[in-house]
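Student: Here you go, run.cif (mmCIF, C-alpha atoms and all ligand atoms):
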data_structure
loop_
_atom_site.label_atom_id
_atom_site.label_comp_id
_atom_site.auth_asym_id
_atom_site.auth_seq_id
_atom_site.Cartn_x
_atom_site.Cartn_y
_atom_site.Cartn_z
CA MET A 21 -32.55 32.60 -56.04
CA SER A 22 -29.28 31.54 -57.42
CA THR A 23 -26.08 31.48 -55.54
CA PRO A 24 -22.99 32.60 -57.31
CA LYS A 25 -20.70 29.78 -58.26
CA ILE A 26 -17.42 29.86 -56.48
CA GLN A 27 -14.68 29.37 -58.97
CA THR A 28 -12.00 27.30 -57.36
CA GLN A 29 -8.78 27.29 -59.22
CA ILE A 30 -6.65 24.45 -58.02
CA PRO A 31 -2.99 25.36 -58.19
CA SER A 32 -0.48 22.86 -59.47
CA ALA A 33 2.44 21.40 -57.60
CA THR A 34 5.84 22.74 -58.54
CA GLN A 35 8.19 21.18 -55.99
CA VAL A 36 7.97 18.36 -53.48
CA TYR A 37 9.95 17.79 -50.31
CA VAL A 38 9.64 14.74 -48.13
CA SER A 39 11.24 14.74 -44.70
CA GLU A 40 11.16 12.09 -41.99
CA ASN A 41 7.75 13.22 -40.82
CA MET A 42 6.31 15.79 -43.24
CA LEU A 43 5.32 16.05 -46.87
CA THR A 44 5.66 19.60 -48.19
CA VAL A 45 4.47 20.68 -51.61
CA ASP A 46 5.13 24.06 -53.23
CA LEU A 47 2.19 25.29 -55.29
CA SER A 48 2.02 27.40 -58.43
CA ASP A 49 0.14 30.17 -56.61
CA GLY A 50 3.04 30.70 -54.23
CA ARG A 51 1.71 28.73 -51.31
CA SER A 52 3.29 25.69 -49.72
CA ILE A 53 1.32 23.02 -47.99
CA SER A 54 2.69 20.61 -45.40
CA VAL A 55 0.94 17.51 -44.12
CA PRO A 56 2.07 14.79 -41.70
CA LEU A 57 3.71 11.85 -43.45
CA GLY A 58 1.45 9.58 -41.42
CA TRP A 59 -1.36 10.57 -43.78
CA TYR A 60 0.39 8.55 -46.45
CA PRO A 61 1.60 5.27 -44.96
CA ARG A 62 3.52 4.26 -48.07
CA LEU A 63 5.60 7.41 -47.87
CA LEU A 64 6.02 6.82 -44.17
CA HIS A 65 7.34 3.31 -44.81
CA GLY A 66 9.52 4.34 -47.72
CA ASN A 67 13.19 5.08 -47.39
CA ALA A 68 14.79 8.42 -48.31
CA ILE A 69 15.63 7.32 -51.86
CA GLU A 70 12.11 6.07 -52.53
CA ARG A 71 10.52 9.15 -51.01
CA ASN A 72 12.60 11.46 -53.14
CA ASN A 73 11.91 9.57 -56.36
CA TRP A 74 8.74 11.49 -57.23
CA ARG A 75 7.46 13.09 -60.39
CA LEU A 76 4.65 15.47 -61.16
CA THR A 77 1.73 14.06 -63.12
CA ALA A 78 -1.05 15.70 -65.13
CA GLY A 79 0.78 19.01 -65.34
CA GLY A 80 1.34 19.20 -61.62
CA ARG A 81 -2.15 18.19 -60.52
CA GLY A 82 -0.73 15.05 -58.98
CA ILE A 83 2.46 13.58 -57.59
CA HIS A 84 3.55 10.03 -58.26
CA TRP A 85 6.08 7.94 -56.39
CA THR A 86 7.19 5.11 -58.67
CA ASP A 87 8.98 2.95 -56.10
CA LEU A 88 6.17 3.19 -53.58
CA ASP A 89 3.32 3.05 -56.12
CA GLU A 90 1.71 6.06 -54.43
CA ASP A 91 -0.28 8.86 -56.05
CA ILE A 92 -1.37 12.02 -54.31
CA SER A 93 -3.44 14.75 -55.93
CA VAL A 94 -3.03 18.42 -55.08
CA GLU A 95 -6.80 18.59 -54.77
CA ASN A 96 -6.82 15.99 -51.98
CA LEU A 97 -3.87 17.64 -50.29
CA LEU A 98 -5.67 20.98 -50.21
CA ALA A 99 -8.89 19.31 -49.07
CA GLY A 100 -7.02 17.69 -46.20
CA LYS A 101 -7.74 14.15 -47.34
CA PRO A 102 -5.32 11.49 -46.13
CA SER A 103 -4.63 8.36 -48.14
CA GLY A 104 -7.76 6.27 -48.61
CA GLU A 105 -5.84 3.00 -48.79
CA SER A 106 -7.36 0.16 -46.79
CA GLN A 107 -5.46 -1.62 -44.02
CA THR A 108 -5.62 -4.86 -46.02
CA SER A 109 -4.14 -3.27 -49.10
CA LEU A 110 -1.41 -1.61 -47.06
CA LYS A 111 -0.61 -4.84 -45.27
CA ASN A 112 -0.34 -6.72 -48.56
CA TRP A 113 1.94 -4.06 -49.93
CA LEU A 114 4.16 -4.18 -46.83
CA THR A 115 4.33 -7.96 -47.04
CA GLN A 116 5.31 -7.96 -50.71
CA ARG A 117 7.80 -5.22 -50.00
CA PHE A 118 9.39 -7.23 -47.21
CA LEU A 119 9.42 -10.45 -49.24
CA GLY A 120 11.32 -8.55 -51.92
CA THR A 121 14.19 -8.06 -49.48
CA ILE A 122 14.46 -11.70 -48.45
CA THR A 123 17.35 -13.60 -49.91
CA ARG A 124 17.03 -16.88 -48.05
CA TYR A 125 14.15 -19.30 -48.21
CA ARG A 126 14.32 -22.67 -46.56
CA LYS A 127 12.08 -25.71 -46.49
CA ARG A 128 12.45 -29.19 -45.13
CA ARG A 129 13.07 -31.63 -47.93
CA ASP A 130 9.93 -33.58 -47.11
CA ALA A 131 7.69 -30.53 -46.71
CA ALA A 132 6.10 -27.94 -48.98
CA THR A 133 6.31 -24.98 -46.61
CA TRP A 134 8.96 -22.34 -47.20
CA HIS A 135 10.33 -20.40 -44.23
CA PHE A 136 12.14 -17.11 -44.45
CA VAL A 137 12.38 -15.82 -40.87
CA GLU A 138 15.09 -17.42 -38.78
CA THR A 139 13.19 -16.95 -35.54
CA CYS A 140 10.30 -19.08 -36.82
CA SER A 141 9.59 -21.96 -34.41
CA THR A 142 9.87 -24.42 -37.29
CA TRP A 143 12.85 -22.88 -39.10
CA PRO A 144 14.60 -25.91 -40.64
CA GLY A 145 17.99 -26.47 -39.09
CA SER A 146 18.90 -29.64 -40.90
CA ASP A 147 17.88 -31.65 -43.94
CA TYR A 148 16.60 -28.63 -45.81
CA GLU A 149 16.62 -27.06 -49.23
CA GLU A 150 17.62 -23.44 -49.49
CA GLN A 151 17.26 -20.89 -52.25
CA SER A 152 17.79 -17.16 -52.63
CA VAL A 153 14.74 -16.29 -54.73
CA LYS A 154 11.07 -16.38 -53.87
CA PRO A 155 9.80 -19.93 -54.37
CA VAL A 156 7.31 -20.54 -57.15
CA THR A 157 6.05 -23.83 -55.75
CA GLY A 158 4.91 -24.78 -52.27
CA VAL A 159 3.49 -22.36 -49.72
CA LEU A 160 4.89 -19.62 -47.53
CA CYS A 161 4.92 -20.30 -43.78
CA GLN A 162 2.09 -18.54 -41.95
CA GLU A 163 4.21 -18.01 -38.87
CA CYS A 164 6.99 -16.39 -40.89
CA LEU A 165 4.41 -14.17 -42.61
CA ALA A 166 2.92 -13.20 -39.26
CA LYS A 167 6.36 -12.25 -37.99
CA ILE A 168 7.05 -9.85 -40.85
CA THR A 169 3.62 -8.21 -40.72
CA SER A 170 3.51 -7.72 -36.96
CA ASN A 171 6.02 -4.89 -36.90
ZN ZN A 201 8.21 -20.32 -40.71
#
As structure tokens, how would this structure be written, given the file I've shared?
Tutor:
Amino acid sequence: MSTPKIQTQIPSATQVYVSENMLTVDLSDGRSISVPLGWYPRLLHGNAIERNNWRLTAGGRGIHWTDLDEDISVENLLAGKPSGESQTSLKNWLTQRFLGTITRYRKRRDAATWHFVETCSTWPGSDYEEQSVKPVTGVLCQECLAKITSN
């Protein structure tokens, strides 16, 4: 006995709206689907400009956010599948994202560890080198890193 195949036609995305807490996608078949932004942590962490900088990919089968390096397929949206990104990957992304905003790195002249959070217990107050770009030598302070990833 054969069961009839169910033909599922996946509609394409036509318009995307991202609010503070919801992602809403208009579909080519006239429907709109809304999901909590918490399903996609990168969108959740993005600012309004980054969230609104999206483009449709593969003829509307997917949505891509360039600034956030996030891709969501209409198929997964309709299937109710949240982002499959691991905590480690997300944490790394958040760290890199935060480091990109830092404009002051300091290290003691006689040390190799760069600090970038002023509240660090070993933030150099005197006899230090300072630069505005991410250092290419030395190491980043673990305490400073912990501070930016803890919130
Ligand atoms: Zn530090």
Student: Kindly work out which residues sit at most 7 Å from ligand ZN 201 (chain A), using only C-alpha atoms and all ligand atoms, and give the list as a PDB file with C-alpha atoms, in the frame of the given file.
Tutor:
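Output file result_6.pdb follows:
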ATOM      1  CA  TRP A 134       8.960 -22.340 -47.200  1.00  0.00           C
ATOM      2  CA  HIS A 135      10.330 -20.400 -44.230  1.00  0.00           C
ATOM      3  CA  PHE A 136      12.140 -17.110 -44.450  1.00  0.00           C
ATOM      4  CA  VAL A 137      12.380 -15.820 -40.870  1.00  0.00           C
ATOM      5  CA  CYS A 140      10.300 -19.080 -36.820  1.00  0.00           C
ATOM      6  CA  SER A 141       9.590 -21.960 -34.410  1.00  0.00           C
ATOM      7  CA  THR A 142       9.870 -24.420 -37.290  1.00  0.00           C
ATOM      8  CA  TRP A 143      12.850 -22.880 -39.100  1.00  0.00           C
ATOM      9  CA  CYS A 161       4.920 -20.300 -43.780  1.00  0.00           C
ATOM     10  CA  GLN A 162       2.090 -18.540 -41.950  1.00  0.00           C
ATOM     11  CA  GLU A 163       4.210 -18.010 -38.870  1.00  0.00           C
ATOM     12  CA  CYS A 164       6.990 -16.390 -40.890  1.00  0.00           C
TER      13      CYS A 164
END
Student: Can you measure atom CA of A:Phe118 to atom CA of A:His65 for me? One decimal in Å is fine.
Tutor: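 Calculated distance between atom CA of A:Phe118 and atom CA of A:His65 is 11.0 Å.
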Student: Using all atoms listed in the file, can you tell me which of A:Gln29, A:Thr115, A:Gln151, A:Asn67 comes closest to A:Leu47?
Tutor: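 Selected residue with least distance to A:Leu47: A:Gln29.
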Student: For atom CA of A:Leu165 and atom CA of A:Gly58, quote the distance in Å rounded to one decimal.
Tutor: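 Interatomic distance, atom CA of A:Leu165 to atom CA of A:Gly58: 24.0 Å.
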Student: May I have the residues within 10 Å of A:Gly100 as a ChimeraX atom specification, using all atoms listed in the file and disregarding those fewer than 6 positions away in the same chain?
Tutor: /A:55,59,94
Student: I'd like the neighbourhood of A:Ser146 as an MDAnalysis selection string, where a residue qualifies if any of its atoms comes within 12 Å (using all atoms listed in the file), though same-chain residues fewer than 6 positions away should be ignored.
Tutor: chainID A and resid 126:130
Student: Just the residues within 12 Å of A:Ser103, please, counting only C-alpha atoms, with nothing from its chain fewer than 3 positions along; format it as a ChimeraX atom specification.
Tutor: /A:55-64,90-93,96-97,99-100,106-107,109-110
Student: Counting only C-alpha atoms, I want the residues whose atoms come within 6 Å of (9.3, 12.4, -51.8) in the file frame, returned as a VMD selection string.
Tutor: chain A and resid 37 to 38 71 to 74
Student: May I have the residues within 10 Å of A:Gly79 as a PyMOL selection string, using all atoms listed in the file and disregarding those fewer than 4 positions away in the same chain?
Tutor: chain A and resi 32-34+83
Student: Could you take the residues named above and write them with C-alpha atoms, as a compact mmCIF listing (two decimals), in the frame of the given file?
Tutor:
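File produced: part-v3.txt:
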# COMPACT_ATOMS: atom_id res chain seq x y z
CA SER A 32 -0.48 22.86 -59.47
CA ALA A 33 2.44 21.40 -57.60
CA THR A 34 5.84 22.74 -58.54
CA ILE A 83 2.46 13.58 -57.59
Student: So the first atom is atom CA of A:Ser170 and the second is atom CA of A:His84; what is the distance between them in Å, to one decimal place?
Tutor: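 Atom CA of A:Ser170 sits 27.7 Å away from atom CA of A:His84.
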Student: Could you check which of A:Ala166, A:Leu98, A:Met42, A:Val153 is closest to A:Thr123, using only C-alpha atoms?
Tutor: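 Ranked by minimum distance to A:Thr123, first place goes to A:Val153.
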Student: Between A:Ser39, A:Thr169, A:Asp89, A:Ala68, single out the one closest to A:Lys111, counting only C-alpha atoms.
Tutor: A:Thr169
Student: Will you model N, CA and C atoms for stretch 134-154 of chain A and pass it back as a PDB file, in the coordinates of the input?
Tutor:
ATOM      1  N   TRP A 134       7.724 -23.123 -47.171  1.00  0.00           N
ATOM      2  CA  TRP A 134       8.960 -22.340 -47.200  1.00  0.00           C
ATOM      3  C   TRP A 134       8.996 -21.373 -46.028  1.00  0.00           C
ATOM      4  N   HIS A 135      10.125 -21.341 -45.337  1.00  0.00           N
ATOM      5  CA  HIS A 135      10.330 -20.400 -44.230  1.00  0.00           C
ATOM      6  C   HIS A 135      11.335 -19.351 -44.656  1.00  0.00           C
ATOM      7  N   PHE A 136      11.204 -18.170 -44.078  1.00  0.00           N
ATOM      8  CA  PHE A 136      12.140 -17.110 -44.450  1.00  0.00           C
ATOM      9  C   PHE A 136      12.495 -16.212 -43.271  1.00  0.00           C
ATOM     10  N   VAL A 137      12.014 -16.575 -42.076  1.00  0.00           N
ATOM     11  CA  VAL A 137      12.380 -15.820 -40.870  1.00  0.00           C
ATOM     12  C   VAL A 137      13.054 -16.803 -39.910  1.00  0.00           C
ATOM     13  N   GLU A 138      14.298 -16.500 -39.585  1.00  0.00           N
ATOM     14  CA  GLU A 138      15.090 -17.420 -38.780  1.00  0.00           C
ATOM     15  C   GLU A 138      14.519 -17.706 -37.398  1.00  0.00           C
ATOM     16  N   THR A 139      13.736 -16.760 -36.878  1.00  0.00           N
ATOM     17  CA  THR A 139      13.190 -16.950 -35.540  1.00  0.00           C
ATOM     18  C   THR A 139      11.896 -17.756 -35.546  1.00  0.00           C
ATOM     19  N   CYS A 140      11.499 -18.237 -36.720  1.00  0.00           N
ATOM     20  CA  CYS A 140      10.300 -19.080 -36.820  1.00  0.00           C
ATOM     21  C   CYS A 140      10.503 -20.352 -35.987  1.00  0.00           C
ATOM     22  N   SER A 141       9.456 -20.791 -35.285  1.00  0.00           N
ATOM     23  CA  SER A 141       9.590 -21.960 -34.410  1.00  0.00           C
ATOM     24  C   SER A 141       9.884 -23.242 -35.193  1.00  0.00           C
ATOM     25  N   THR A 142       9.588 -23.228 -36.487  1.00  0.00           N
ATOM     26  CA  THR A 142       9.870 -24.420 -37.290  1.00  0.00           C
ATOM     27  C   THR A 142      10.902 -24.155 -38.386  1.00  0.00           C
ATOM     28  N   TRP A 143      11.756 -23.172 -38.159  1.00  0.00           N
ATOM     29  CA  TRP A 143      12.850 -22.880 -39.100  1.00  0.00           C
ATOM     30  C   TRP A 143      13.708 -24.133 -39.250  1.00  0.00           C
ATOM     31  N   PRO A 144      13.872 -24.647 -40.470  1.00  0.00           N
ATOM     32  CA  PRO A 144      14.600 -25.910 -40.640  1.00  0.00           C
ATOM     33  C   PRO A 144      16.085 -25.750 -40.376  1.00  0.00           C
ATOM     34  N   GLY A 145      16.575 -26.552 -39.450  1.00  0.00           N
ATOM     35  CA  GLY A 145      17.990 -26.470 -39.090  1.00  0.00           C
ATOM     36  C   GLY A 145      18.820 -27.539 -39.759  1.00  0.00           C
ATOM     37  N   SER A 146      18.160 -28.586 -40.206  1.00  0.00           N
ATOM     38  CA  SER A 146      18.900 -29.640 -40.900  1.00  0.00           C
ATOM     39  C   SER A 146      17.999 -30.296 -41.931  1.00  0.00           C
ATOM     40  N   ASP A 147      18.613 -30.977 -42.875  1.00  0.00           N
ATOM     41  CA  ASP A 147      17.880 -31.650 -43.940  1.00  0.00           C
ATOM     42  C   ASP A 147      16.910 -30.711 -44.653  1.00  0.00           C
ATOM     43  N   TYR A 148      17.455 -29.620 -45.140  1.00  0.00           N
ATOM     44  CA  TYR A 148      16.600 -28.630 -45.810  1.00  0.00           C
ATOM     45  C   TYR A 148      17.127 -28.273 -47.202  1.00  0.00           C
ATOM     46  N   GLU A 149      16.230 -27.673 -47.970  1.00  0.00           N
ATOM     47  CA  GLU A 149      16.620 -27.060 -49.230  1.00  0.00           C
ATOM     48  C   GLU A 149      16.644 -25.568 -49.002  1.00  0.00           C
ATOM     49  N   GLU A 150      17.557 -24.891 -49.663  1.00  0.00           N
ATOM     50  CA  GLU A 150      17.620 -23.440 -49.490  1.00  0.00           C
ATOM     51  C   GLU A 150      17.757 -22.783 -50.852  1.00  0.00           C
ATOM     52  N   GLN A 151      17.077 -21.650 -51.013  1.00  0.00           N
ATOM     53  CA  GLN A 151      17.260 -20.890 -52.250  1.00  0.00           C
ATOM     54  C   GLN A 151      17.161 -19.398 -51.962  1.00  0.00           C
ATOM     55  N   SER A 152      17.682 -18.601 -52.887  1.00  0.00           N
ATOM     56  CA  SER A 152      17.790 -17.160 -52.630  1.00  0.00           C
ATOM     57  C   SER A 152      16.661 -16.367 -53.282  1.00  0.00           C
ATOM     58  N   VAL A 153      15.846 -17.023 -54.104  1.00  0.00           N
ATOM     59  CA  VAL A 153      14.740 -16.290 -54.730  1.00  0.00           C
ATOM     60  C   VAL A 153      13.410 -16.811 -54.205  1.00  0.00           C
ATOM     61  N   LYS A 154      12.392 -16.000 -54.359  1.00  0.00           N
ATOM     62  CA  LYS A 154      11.070 -16.380 -53.870  1.00  0.00           C
ATOM     63  C   LYS A 154      10.606 -17.654 -54.568  1.00  0.00           C
TER      64      LYS A 154
END
